[in-house]
$ cat target-v3.cif   # mmCIF, C-alpha atoms
data_upload
loop_
_atom_site.label_atom_id
_atom_site.label_comp_id
_atom_site.auth_asym_id
_atom_site.auth_seq_id
_atom_site.Cartn_x
_atom_site.Cartn_y
_atom_site.Cartn_z
CA MET A 509 -19.36 44.75 -6.25
CA THR A 510 -22.02 46.92 -4.76
CA THR A 511 -24.69 44.81 -6.40
CA LEU A 512 -23.18 41.72 -4.81
CA VAL A 513 -23.19 43.39 -1.45
CA LEU A 514 -26.76 44.40 -1.95
CA ALA A 515 -27.70 41.00 -3.28
CA SER A 516 -26.44 39.18 -0.24
CA GLY A 517 -27.95 41.77 2.01
CA GLY A 518 -24.52 42.28 3.59
CA GLU A 519 -24.61 42.99 7.24
CA PHE A 520 -21.95 41.17 9.27
CA VAL A 521 -23.44 39.20 12.10
CA ALA A 522 -20.80 38.44 14.70
CA PRO A 523 -20.78 34.85 15.97
CA GLY A 524 -22.15 34.44 19.45
CA VAL A 525 -23.58 32.08 21.97
CA LYS A 526 -26.20 30.87 19.54
CA ASP A 527 -23.51 29.26 17.41
CA PHE A 528 -22.80 26.91 20.29
CA PHE A 529 -26.30 25.56 20.31
CA PRO A 530 -26.97 24.02 16.93
CA PRO A 531 -30.46 22.68 16.31
CA ALA A 532 -31.26 19.18 17.45
CA ILE A 533 -30.50 16.37 15.03
CA PHE A 534 -33.44 14.25 16.13
CA GLY A 535 -35.61 14.45 19.19
CA SER A 536 -33.70 16.37 21.79
CA VAL A 537 -30.34 14.95 20.71
CA ASP A 538 -28.00 17.60 19.38
CA LYS A 539 -24.49 17.66 17.95
CA PRO A 540 -22.48 17.77 21.21
CA MET A 541 -24.31 14.76 22.57
CA VAL A 542 -23.58 12.74 19.45
CA LEU A 543 -19.96 13.83 19.61
CA LEU A 544 -19.73 12.84 23.24
CA VAL A 545 -20.96 9.35 22.54
CA LEU A 546 -18.66 9.20 19.54
CA SER A 547 -15.70 10.13 21.75
CA VAL A 548 -16.47 7.26 24.11
CA LEU A 549 -16.64 4.88 21.17
CA ILE A 550 -13.40 6.19 19.69
CA ILE A 551 -11.41 6.01 22.93
CA GLY A 552 -12.86 2.65 23.91
CA ALA A 553 -12.21 1.15 20.48
CA PHE A 554 -8.71 2.60 20.34
CA PHE A 555 -7.64 1.14 23.66
CA ILE A 556 -9.37 -2.17 23.19
CA LEU A 557 -7.79 -2.62 19.76
CA ALA A 558 -4.41 -1.55 21.12
CA THR A 559 -4.55 -3.95 24.05
CA ARG A 560 -6.09 -6.88 22.23
CA ASN A 561 -2.80 -8.48 21.37
CA MET A 562 -0.14 -6.85 23.49
CA LYS A 563 3.49 -7.74 23.14
CA LEU A 564 6.46 -7.25 25.39
CA VAL A 565 8.19 -5.35 22.63
CA PRO A 566 5.50 -2.95 21.42
CA GLY A 567 4.65 -2.30 17.79
CA LYS A 568 3.85 1.18 16.52
CA PHE A 569 0.18 1.07 17.43
CA GLN A 570 0.79 -0.43 20.83
CA PHE A 571 3.53 2.09 21.44
CA LEU A 572 1.09 4.92 20.72
CA ALA A 573 -1.46 3.49 23.12
CA GLU A 574 1.23 2.89 25.72
CA SER A 575 2.41 6.48 25.41
CA ALA A 576 -1.14 7.69 26.08
CA TYR A 577 -1.46 5.30 28.99
CA ASP A 578 1.93 6.40 30.29
CA ILE A 579 0.85 10.05 30.40
CA GLY A 580 -2.16 9.15 32.51
CA ARG A 581 -0.34 6.61 34.63
CA ASN A 582 3.18 7.87 35.19
CA SER A 583 3.33 11.57 34.46
CA ILE A 584 -0.03 12.46 36.00
CA ALA A 585 -1.30 9.85 38.46
CA ARG A 586 2.00 8.71 39.93
CA GLU A 587 3.42 12.22 40.12
CA GLN A 588 0.37 13.69 41.83
CA ILE A 589 -0.94 10.86 43.97
CA GLY A 590 2.37 9.26 44.88
CA GLY A 591 3.92 5.91 44.11
CA LYS A 592 2.17 4.21 47.04
CA ASP A 593 -1.51 4.90 46.30
CA PHE A 594 -1.75 5.78 42.62
CA LYS A 595 -2.48 2.35 41.13
CA PRO A 596 -6.28 2.22 41.73
CA PHE A 597 -6.74 5.70 40.29
CA VAL A 598 -4.92 5.11 37.03
CA PRO A 599 -8.07 4.11 35.08
CA LEU A 600 -9.92 7.15 36.39
CA ILE A 601 -7.15 9.58 35.52
CA LEU A 602 -6.60 7.97 32.13
CA THR A 603 -10.32 8.18 31.38
CA VAL A 604 -10.47 11.83 32.44
CA PHE A 605 -7.47 12.69 30.31
CA THR A 606 -8.53 10.89 27.13
CA PHE A 607 -12.20 11.85 27.51
CA VAL A 608 -11.48 15.55 27.80
CA LEU A 609 -8.71 15.39 25.19
CA VAL A 610 -10.77 13.75 22.47
CA ASN A 611 -13.79 15.94 23.15
CA ASN A 612 -11.60 19.03 22.97
CA LEU A 613 -9.93 17.91 19.78
CA PHE A 614 -13.31 17.56 18.12
CA GLY A 615 -13.03 21.31 17.75
CA LEU A 616 -10.30 20.82 15.16
CA VAL A 617 -11.59 17.81 13.25
CA PRO A 618 -12.89 18.94 9.85
CA PHE A 619 -16.71 18.82 9.52
CA VAL A 620 -17.05 18.01 13.22
CA GLN A 621 -15.46 21.23 14.40
CA PHE A 622 -17.08 21.50 17.74
CA PRO A 623 -15.30 21.17 21.07
CA THR A 624 -17.79 19.26 23.15
CA MET A 625 -16.38 20.63 26.37
CA ALA A 626 -17.59 24.10 25.30
CA HIS A 627 -20.88 22.99 26.78
CA ILE A 628 -20.38 23.34 30.50
CA GLY A 629 -22.68 20.44 31.31
CA PHE A 630 -20.11 17.85 30.22
CA PRO A 631 -17.04 18.96 32.19
CA LEU A 632 -19.31 19.71 35.10
CA ALA A 633 -20.63 16.16 35.08
CA VAL A 634 -17.08 14.81 35.27
CA SER A 635 -15.77 17.21 37.86
CA VAL A 636 -18.74 17.58 40.20
CA LEU A 637 -20.26 14.12 39.90
CA VAL A 638 -17.10 12.02 39.56
CA ILE A 639 -13.90 13.73 40.69
CA TYR A 640 -15.47 15.61 43.60
CA PRO A 641 -17.08 12.58 45.26
CA VAL A 642 -14.04 10.42 44.58
CA TYR A 643 -11.46 12.59 46.22
CA HIS A 644 -13.59 13.38 49.24
CA PHE A 645 -14.58 9.74 49.59
CA VAL A 646 -10.99 8.49 49.61
CA GLY A 647 -10.07 11.34 51.96
CA PHE A 648 -12.76 10.42 54.49
CA LYS A 649 -11.87 6.78 54.14
CA ARG A 650 -8.18 7.41 54.73
CA HIS A 651 -8.37 9.92 57.57
CA GLY A 652 -11.79 9.38 59.15
CA PHE A 653 -14.57 12.01 59.16
CA VAL A 654 -13.12 14.53 61.62
CA GLY A 655 -9.61 13.61 60.64
CA TYR A 656 -10.26 14.41 57.01
CA LEU A 657 -12.01 17.69 57.77
CA LYS A 658 -8.99 18.66 59.84
CA HIS A 659 -6.63 17.39 57.18
CA ALA A 660 -8.42 19.35 54.46
CA THR A 661 -8.93 22.64 56.28
CA MET A 662 -6.06 22.97 58.72
CA PRO A 663 -2.62 23.15 57.18
CA PRO A 664 -0.14 22.05 59.84
CA GLY A 665 2.09 24.67 61.35
CA ALA A 666 -0.36 27.56 60.96
CA PRO A 667 -0.86 29.64 64.14
CA TRP A 668 -4.42 29.83 65.57
CA PHE A 669 -5.20 33.38 64.46
CA VAL A 670 -4.33 32.43 60.89
CA LEU A 671 -6.46 29.32 61.19
CA ILE A 672 -9.53 31.45 61.92
CA LEU A 673 -9.11 32.91 58.49
CA LEU A 674 -7.75 29.80 56.84
CA ILE A 675 -10.35 27.22 57.83
CA PRO A 676 -13.29 28.88 56.05
CA ILE A 677 -11.16 29.62 53.00
CA GLU A 678 -9.78 26.10 52.77
CA PHE A 679 -13.21 24.61 53.36
CA PHE A 680 -14.82 26.77 50.71
CA GLN A 681 -12.04 25.99 48.28
CA LYS A 682 -11.97 22.24 48.80
CA PHE A 683 -15.69 21.59 49.14
CA VAL A 684 -17.20 24.18 46.80
CA LEU A 685 -14.72 25.85 44.54
CA ASN A 686 -12.38 23.13 43.32
CA PRO A 687 -14.85 21.06 41.28
CA LEU A 688 -16.45 24.16 39.80
CA THR A 689 -13.20 25.77 38.75
CA LEU A 690 -12.06 22.46 37.33
CA ALA A 691 -15.04 22.39 34.99
CA ILE A 692 -15.17 26.10 34.26
CA ARG A 693 -11.48 26.18 33.30
CA VAL A 694 -11.82 23.76 30.41
CA PHE A 695 -15.28 25.03 29.45
CA ALA A 696 -14.14 28.64 29.24
CA ALA A 697 -11.01 27.80 27.30
CA MET A 698 -12.94 25.75 24.76
CA PHE A 699 -15.78 28.24 24.49
CA ALA A 700 -13.51 31.23 24.02
CA GLY A 701 -11.19 29.41 21.65
CA HIS A 702 -14.01 28.21 19.45
CA LEU A 703 -15.57 31.64 19.43
CA LEU A 704 -12.28 33.18 18.42
CA LEU A 705 -11.93 30.75 15.52
CA LEU A 706 -15.50 31.48 14.48
CA VAL A 707 -14.90 35.22 14.49
CA PHE A 708 -11.89 35.01 12.22
CA THR A 709 -13.35 32.42 9.88
CA LEU A 710 -16.74 34.07 9.51
CA ALA A 711 -15.19 37.50 9.21
CA GLY A 712 -12.85 36.25 6.48
CA GLU A 713 -15.76 34.70 4.67
CA PHE A 714 -17.80 37.87 4.96
CA LEU A 715 -14.95 40.04 3.76
CA LEU A 716 -14.35 37.76 0.81
CA LEU A 717 -17.97 37.61 -0.30
CA ASN A 718 -19.44 40.94 0.72
CA GLY A 719 -16.60 43.39 1.09
CA GLY A 720 -15.78 46.01 -1.55
CA ILE A 721 -12.10 46.83 -1.52
CA THR A 722 -11.86 45.09 1.86
CA VAL A 723 -11.65 41.77 0.03
CA VAL A 724 -7.85 42.06 0.15
CA VAL A 725 -8.00 41.83 3.93
CA ALA A 726 -9.81 38.49 3.82
CA PRO A 727 -6.64 36.36 3.47
CA ILE A 728 -5.28 37.98 6.60
CA ALA A 729 -8.37 36.90 8.49
CA PHE A 730 -8.00 33.36 7.20
CA LEU A 731 -4.29 33.39 8.04
CA PHE A 732 -5.17 34.38 11.59
CA ALA A 733 -7.76 31.65 11.73
CA ILE A 734 -5.12 29.08 10.75
CA ALA A 735 -2.61 30.41 13.26
CA LEU A 736 -5.28 30.37 15.95
CA THR A 737 -6.11 26.81 15.03
CA PHE A 738 -2.59 25.79 15.98
CA LEU A 739 -2.85 27.75 19.19
CA GLU A 740 -6.18 26.08 19.88
CA ALA A 741 -4.63 22.64 19.34
CA LEU A 742 -2.07 23.45 22.00
CA ILE A 743 -4.72 24.77 24.38
CA MET A 744 -6.95 21.72 23.85
CA VAL A 745 -4.19 19.29 24.76
CA LEU A 746 -3.06 21.49 27.60
CA GLN A 747 -6.55 21.80 29.07
CA ALA A 748 -7.08 18.06 28.96
CA TYR A 749 -3.74 17.58 30.68
CA ILE A 750 -4.54 20.19 33.31
CA PHE A 751 -7.98 18.70 33.97
CA ALA A 752 -6.45 15.27 34.59
CA LEU A 753 -3.52 16.74 36.51
CA LEU A 754 -5.74 18.69 38.90
CA SER A 755 -8.06 15.72 39.37
CA ALA A 756 -5.07 13.63 40.37
CA ASN A 757 -3.77 16.47 42.49
CA TYR A 758 -7.02 16.70 44.48
CA ILE A 759 -6.98 12.96 45.06
CA GLY A 760 -3.34 13.08 46.04
CA ALA A 761 -3.93 15.95 48.46
CA ALA A 762 -6.85 14.12 50.06
CA LEU A 763 -4.73 11.02 50.51
CA ALA A 764 -1.51 12.71 51.60
CA GLU A 765 -0.29 11.95 55.10
CA GLU A 766 0.70 15.56 55.65
CA HIS A 767 0.64 18.59 53.45
CA MET B 1155 -33.44 21.24 24.88
CA LYS B 1156 -36.46 21.90 22.72
CA THR B 1157 -37.45 24.84 24.81
CA LEU B 1158 -33.94 26.18 24.51
CA ILE B 1159 -33.96 25.98 20.76
CA VAL B 1160 -37.34 27.58 20.67
CA ALA B 1161 -36.00 30.27 22.94
CA ALA B 1162 -33.04 30.77 20.66
CA ALA B 1163 -35.30 31.03 17.69
CA GLU B 1164 -37.34 33.59 19.48
CA GLY B 1165 -34.20 35.60 19.99
CA GLU B 1166 -33.93 35.20 23.74
CA PRO B 1167 -30.28 34.96 24.80
CA ILE B 1168 -29.02 31.57 25.94
CA ASN B 1169 -26.82 31.60 29.00
CA PRO B 1170 -23.88 29.31 28.18
CA VAL B 1171 -22.68 29.18 31.77
CA LEU B 1172 -25.79 27.43 33.04
CA PRO B 1173 -25.51 23.69 32.52
CA HIS B 1174 -28.28 21.67 30.94
CA THR B 1175 -29.51 18.74 32.94
CA SER B 1176 -29.62 16.44 29.93
CA GLU B 1177 -26.02 17.20 29.11
CA ILE B 1178 -24.90 16.50 32.66
CA ILE B 1179 -26.71 13.16 32.62
CA ILE B 1180 -25.35 12.16 29.23
CA GLY B 1181 -21.88 13.38 30.13
CA LEU B 1182 -21.90 11.37 33.32
CA ILE B 1183 -23.19 8.21 31.68
CA ALA B 1184 -20.71 8.49 28.81
CA PHE B 1185 -17.85 9.12 31.19
CA LEU B 1186 -18.75 6.26 33.50
CA LEU B 1187 -19.13 3.94 30.53
CA LEU B 1188 -15.69 4.84 29.28
CA LEU B 1189 -14.28 4.53 32.80
CA PHE B 1190 -15.80 1.07 33.08
CA VAL B 1191 -14.32 -0.05 29.76
CA ILE B 1192 -10.89 1.29 30.60
CA LYS B 1193 -10.91 -0.08 34.14
CA LYS B 1194 -12.21 -3.47 33.11
CA PHE B 1195 -10.50 -4.16 29.81
CA VAL B 1196 -7.71 -1.68 29.17
CA SER B 1197 -5.88 -0.93 32.39
CA PRO B 1198 -5.31 -4.54 33.48
CA LYS B 1199 -3.75 -5.38 30.14
CA PHE B 1200 -1.37 -2.45 30.27
CA GLU B 1201 -0.45 -3.25 33.85
CA ALA B 1202 0.12 -6.88 32.94
CA VAL B 1203 2.47 -5.92 30.14
CA TYR B 1204 4.26 -3.46 32.42
CA ALA B 1205 4.67 -6.10 35.10
CA GLU B 1206 5.86 -8.63 32.58
CA ARG B 1207 8.34 -6.16 31.15
CA ALA B 1208 9.61 -5.23 34.60
CA ALA B 1209 9.95 -8.89 35.49
CA LYS B 1210 11.82 -9.55 32.28
CA ILE B 1211 14.21 -6.69 32.85
CA GLU B 1212 14.73 -7.65 36.47
CA GLY B 1213 15.20 -11.25 35.41
CA GLY B 1214 17.81 -10.15 32.89
CA ILE B 1215 19.63 -8.15 35.50
CA GLU B 1216 19.49 -11.06 37.91
CA LYS B 1217 20.80 -13.40 35.24
CA ALA B 1218 23.65 -11.06 34.46
CA GLU B 1219 24.49 -10.82 38.13
CA GLN B 1220 24.42 -14.56 38.40
CA ALA B 1221 26.75 -14.91 35.42
CA GLN B 1222 29.09 -12.37 36.94
CA ALA B 1223 29.12 -14.17 40.27
CA GLN B 1224 29.81 -17.42 38.49
CA ALA B 1225 32.66 -15.87 36.53
CA GLN B 1226 34.07 -14.47 39.76
CA ALA B 1227 33.86 -17.86 41.43
CA THR B 1228 35.57 -19.53 38.50
CA LEU B 1229 38.30 -16.92 38.49
CA GLU B 1230 38.89 -17.47 42.18
CA GLN B 1231 38.98 -21.18 41.64
CA TYR B 1232 41.54 -20.79 38.89
CA LYS B 1233 43.62 -18.52 41.04
CA ALA B 1234 43.54 -21.01 43.89
CA GLN B 1235 44.47 -23.79 41.52
CA LEU B 1236 47.31 -21.75 40.12
CA ALA B 1237 48.63 -20.96 43.58
CA GLU B 1238 48.38 -24.62 44.47
CA ALA B 1239 50.23 -25.61 41.34
CA ARG B 1240 52.93 -23.08 42.11
CA ALA B 1241 53.31 -24.38 45.63
CA GLU B 1242 53.44 -27.90 44.31
CA ALA B 1243 56.11 -26.99 41.82
CA ALA B 1244 58.17 -25.32 44.51
CA ARG B 1245 57.80 -28.33 46.72
CA ILE B 1246 58.80 -30.66 43.93
CA ARG B 1247 61.82 -28.50 43.21
CA ASP B 1248 62.83 -28.53 46.86
CA ASP B 1249 62.36 -32.25 47.04
CA ALA B 1250 64.46 -32.74 43.94
CA ARG B 1251 67.22 -30.60 45.35
CA ILE B 1252 67.23 -32.44 48.61
CA GLU B 1253 67.17 -35.75 46.81
CA GLY B 1254 69.99 -34.63 44.56
CA GLU B 1255 72.06 -33.63 47.53
CA GLN B 1256 71.31 -36.91 49.14
CA ILE B 1257 72.33 -38.81 46.03
CA ILE B 1258 75.52 -36.83 45.74
CA SER B 1259 76.46 -37.43 49.35
CA GLU B 1260 75.56 -41.07 49.05
CA LEU B 1261 77.67 -41.44 45.96
CA ARG B 1262 80.49 -39.66 47.61
CA ALA B 1263 80.32 -41.95 50.62
CA LYS B 1264 80.18 -44.96 48.37
CA ALA B 1265 83.16 -43.77 46.37
CA GLN B 1266 85.12 -43.14 49.52
CA GLU B 1267 84.22 -46.56 50.77
CA GLU B 1268 85.18 -48.07 47.46
CA SER B 1269 88.49 -46.30 47.41
CA ALA B 1270 89.15 -47.36 50.98
CA ARG B 1271 88.28 -50.89 50.05
CA ILE B 1272 90.54 -50.82 47.02
CA ILE B 1273 93.35 -49.42 49.10
CA ALA B 1274 92.85 -52.06 51.76
CA GLN B 1275 92.72 -54.78 49.15
CA GLY B 1276 95.94 -53.53 47.60
CA GLN B 1277 97.58 -53.46 50.95
CA THR B 1278 96.57 -57.03 51.83
CA GLN B 1279 97.66 -58.15 48.39
CA LEU B 1280 100.96 -56.51 48.85
CA GLU B 1281 101.18 -58.03 52.31
CA THR B 1282 100.54 -61.55 51.05
CA GLN B 1283 102.89 -61.10 48.12
CA ARG B 1284 105.55 -59.87 50.45
CA ALA B 1285 104.96 -62.81 52.81
CA GLN B 1286 105.08 -65.18 49.86
CA ILE B 1287 108.22 -63.64 48.55
CA VAL B 1288 109.74 -63.70 52.03
CA ALA B 1289 108.81 -67.36 52.40
CA GLU B 1290 110.16 -68.21 48.97
CA LEU B 1291 113.30 -66.32 49.60
CA ARG B 1292 113.62 -67.94 52.97
CA GLY B 1293 113.45 -71.43 51.41
CA GLU B 1294 115.78 -70.45 48.58
CA LEU B 1295 118.16 -68.75 50.88
CA GLY B 1296 118.27 -71.80 53.17
CA ARG B 1297 118.99 -74.11 50.27
CA LEU B 1298 121.60 -71.83 48.83
CA ALA B 1299 123.21 -71.37 52.19
CA ILE B 1300 123.31 -75.10 52.75
CA ASP B 1301 124.74 -75.70 49.28
CA LEU B 1302 127.25 -73.05 49.96
CA ALA B 1303 128.06 -74.44 53.36
CA ASP B 1304 128.31 -77.94 51.79
CA ARG B 1305 130.76 -76.71 49.36
CA VAL B 1306 132.67 -74.61 51.78
CA VAL B 1307 132.74 -77.06 54.68
CA GLY B 1308 132.53 -80.17 52.54
CA GLU B 1309 130.42 -82.06 54.87
CA SER B 1310 126.84 -83.25 54.41
CA LEU B 1311 124.42 -82.44 56.99
CA GLU B 1312 122.16 -85.41 56.74
CA ASP B 1313 120.23 -85.02 59.83
CA GLU B 1314 117.12 -83.10 58.66
CA VAL B 1315 116.21 -81.81 62.06
CA ARG B 1316 119.62 -80.53 62.79
CA ARG B 1317 119.88 -78.95 59.42
CA ARG B 1318 116.51 -77.18 59.93
CA GLY B 1319 117.70 -75.99 63.30
CA THR B 1320 120.91 -74.67 61.85
CA VAL B 1321 119.10 -72.90 59.04
CA ASP B 1322 116.56 -71.39 61.44
CA ARG B 1323 119.23 -70.16 63.68
CA PHE B 1324 121.03 -68.71 60.77
CA LEU B 1325 117.89 -66.99 59.52
CA SER B 1326 117.01 -65.60 62.88
CA GLU B 1327 120.51 -64.26 63.11
CA LEU B 1328 120.09 -62.87 59.65
CA ASP B 1329 116.79 -61.27 60.68
CA GLY B 1330 118.49 -59.94 63.72
CA THR B 1331 121.11 -58.26 61.64
CA SER B 1332 118.82 -57.05 58.87
CA ALA B 1333 116.17 -55.59 61.23
CA PRO B 1334 118.43 -53.14 62.92
CA ALA B 1335 119.81 -52.22 59.54
CA ALA B 1336 116.24 -51.45 58.35
CA LYS B 1337 115.66 -49.29 61.38
#

$ encode --input "target-v3.cif" --output "structure tokens"
Amino acid sequence: MTTLVLASGGEFVAPGVKDFFPPAIFGSVDKPMVLLVLSVLIIGAFFILATRNMKLVPGKFQFLAESAYDIGRNSIAREQIGGKDFKPFVPLILTVFTFVLVNNLFGLVPFVQFPTMAHIGFPLAVSVLVIYPVYHFVGFKRHGFVGYLKHATMPPGAPWFVLILLIPIEFFQKFVLNPLTLAIRVFAAMFAGHLLLLVFTLAGEFLLLNGGITVVVAPIAFLFAIALTFLEALIMVLQAYIFALLSANYIGAALAEEH
Amino acid sequence: MKTLIVAAAEGEPINPVLPHTSEIIIGLIAFLLLLFVIKKFVSPKFEAVYAERAAKIEGGIEKAEQAQAQAQATLEQYKAQLAEARAEAARIRDDARIEGEQIISELRAKAQEESARIIAQGQTQLETQRAQIVAELRGELGRLAIDLADRVVGESLEDEVRRRGTVDRFLSELDGTSAPAAK
């Protein structure tokens, strides 16, 4: 055993940030970029195939696609934006939901095993460059420039001395913080979750190959890794749902007649 | 990206919180592409099916309501017809009763008339028979009386007029005696 340990030069190297930046596949294209493009292809192909020959009474495949569409349309967009205005935003919310969901789930797919959203650039692109302009744009369009600023920063019914405090806070939150937190939330969850899985998997591997008597502990590490995988699956779906839900919520709040 | 990898290889720490421009650009393009596909090709189809389904369900409900209304109308019609029939039957019954009464009274009147007629006829018959008998008896009685008088007196009363006068006188006397006796 000691020879084996010596042979493999056993020193456990904990997984870290570097594991999230695999070397480029070709040029400056790396794994997350390929996965991202793949996700677009998968989602697009799935929905186009599902809607190619739609029937009034859905088959299994159509039912699956309709369930996904229903989550975006009815349980997120309609709930958050309201039955009057939600229709034009359904494609956006559905895209946000499926885009984040599939990219998160890449973290669980064998051999792929990388949640794309663990690179902050991707969620940031969606939240800051898409959701943020959209909800402010519809807000300004609905309420007018001054009207929307008032609508966004002055909750009705607040007395003036509270408003002094509230206006800067609301402004900072709506115009700076919201898009950032939206992106950071899913990024952090994916990053931390993937790191956690890496720790348990790599540690189990190390214990199995390099440990002396500690080899008996290896199965426990693997068991934890499996349990965490299930937890991760839950978190991935949940984060995608939350991302879409909050996007719809911001739009709904910008459009709302009153708070 | 290349610089990053080089940096990683050199052992410099990568800050995962700082976004990479290339990733933001690719993320945005990929997202917008997917949004375009879903908005253009996917969403309208789902909405169309939803609308069709809603229309179908609403149509079904409407049809059911129509059928119900029709059934209600038919029921009402039947009820009205039944009531009408009942009224008709009652009227017919009343008519029949009235007619029956009329017939009975008519028959009764006719029977009374008939009986009165029969009685009257009998009376006239009796009257004529009586008159006939009286006349016959009168003739017979005159002849017998004359025969008797012939035999008793022994003289022939040849003069017809005188004889008639004698007989008439006798008869009137006879009537005069018999009438008070009948009284």

$ resolve_selection --input "target-v3.cif" --expression "the PyMOL selection byres ((chain A) within 6 of (chain B))" --output "VMD selection string"
chain A and resid 536 548 599 603 628 to 630 633

$ residues_around --input "target-v3.cif" --residues "His627 in chain A" --least-positions-apart "4" --cutoff "8 Å" --atoms "all atoms listed in the file" --output "number ranges by chain"
A: 528, 540, 631, 695, 699; B: 1170, 1173

$ atom_distance --input "target-v3.cif" --atom1 "CA of Lys649 in chain A" --atom2 "CA of Leu754 in chain A"
20.3 Å

$ atom_distance --input "target-v3.cif" --atom1 "CA of Arg586 in chain A" --atom2 "CA of Val694 in chain A"
22.5 Å

$ resolve_selection --input "target-v3.cif" --expression "the PyMOL selection byres ((chain A and resi 597) around 10)" --output "list in words"
Gly580, Arg581, Ala585, Arg586, Ile589, Asp593, Phe594, Lys595, Pro596, Val598, Pro599, Leu600, Ile601, Leu602, Thr603, Val642, Ala756, Ile759 and Gly760 of chain A; Lys1193 of chain B

$ closest_residue --input "target-v3.cif" --among "A:Val654, A:Leu703, A:Leu616, A:Ala532" --to "Leu742 in chain A" --atoms "only C-alpha atoms"
A:Leu616

$ atom_distance --input "target-v3.cif" --atom1 "CA of Leu710 in chain A" --atom2 "CA of Met698 in chain A"
17.8 Å

$ build_atoms --input "target-v3.cif" --residues "range 610-622 of chain A" --atoms "N, CA and C atoms" --output "PDB file, in the frame of the given file"
ATOM      1  N   VAL A 610     -10.093  14.041  23.740  1.00  0.00           N
ATOM      2  CA  VAL A 610     -10.770  13.750  22.470  1.00  0.00           C
ATOM      3  C   VAL A 610     -11.926  14.723  22.245  1.00  0.00           C
ATOM      4  N   ASN A 611     -12.673  15.013  23.305  1.00  0.00           N
ATOM      5  CA  ASN A 611     -13.790  15.940  23.150  1.00  0.00           C
ATOM      6  C   ASN A 611     -13.326  17.353  22.819  1.00  0.00           C
ATOM      7  N   ASN A 612     -12.159  17.734  23.346  1.00  0.00           N
ATOM      8  CA  ASN A 612     -11.600  19.030  22.970  1.00  0.00           C
ATOM      9  C   ASN A 612     -11.178  19.028  21.513  1.00  0.00           C
ATOM     10  N   LEU A 613     -10.503  17.956  21.132  1.00  0.00           N
ATOM     11  CA  LEU A 613      -9.930  17.910  19.780  1.00  0.00           C
ATOM     12  C   LEU A 613     -11.014  17.855  18.698  1.00  0.00           C
ATOM     13  N   PHE A 614     -12.216  17.507  19.081  1.00  0.00           N
ATOM     14  CA  PHE A 614     -13.310  17.560  18.120  1.00  0.00           C
ATOM     15  C   PHE A 614     -13.434  18.954  17.514  1.00  0.00           C
ATOM     16  N   GLY A 615     -12.962  19.940  18.250  1.00  0.00           N
ATOM     17  CA  GLY A 615     -13.030  21.310  17.750  1.00  0.00           C
ATOM     18  C   GLY A 615     -12.165  21.532  16.527  1.00  0.00           C
ATOM     19  N   LEU A 616     -11.216  20.641  16.288  1.00  0.00           N
ATOM     20  CA  LEU A 616     -10.300  20.820  15.160  1.00  0.00           C
ATOM     21  C   LEU A 616     -10.601  19.865  14.007  1.00  0.00           C
ATOM     22  N   VAL A 617     -11.344  18.816  14.295  1.00  0.00           N
ATOM     23  CA  VAL A 617     -11.590  17.810  13.250  1.00  0.00           C
ATOM     24  C   VAL A 617     -12.484  18.422  12.177  1.00  0.00           C
ATOM     25  N   PRO A 618     -12.073  18.358  10.923  1.00  0.00           N
ATOM     26  CA  PRO A 618     -12.890  18.940   9.850  1.00  0.00           C
ATOM     27  C   PRO A 618     -14.300  18.353   9.860  1.00  0.00           C
ATOM     28  N   PHE A 619     -15.282  19.161   9.565  1.00  0.00           N
ATOM     29  CA  PHE A 619     -16.710  18.820   9.520  1.00  0.00           C
ATOM     30  C   PHE A 619     -17.301  18.626  10.915  1.00  0.00           C
ATOM     31  N   VAL A 620     -16.532  18.128  11.855  1.00  0.00           N
ATOM     32  CA  VAL A 620     -17.050  18.010  13.220  1.00  0.00           C
ATOM     33  C   VAL A 620     -16.978  19.390  13.862  1.00  0.00           C
ATOM     34  N   GLN A 621     -15.745  19.852  13.987  1.00  0.00           N
ATOM     35  CA  GLN A 621     -15.460  21.230  14.400  1.00  0.00           C
ATOM     36  C   GLN A 621     -16.337  21.767  15.510  1.00  0.00           C
ATOM     37  N   PHE A 622     -16.368  20.983  16.572  1.00  0.00           N
ATOM     38  CA  PHE A 622     -17.080  21.500  17.740  1.00  0.00           C
ATOM     39  C   PHE A 622     -16.476  20.898  18.997  1.00  0.00           C
TER      40      PHE A 622
END
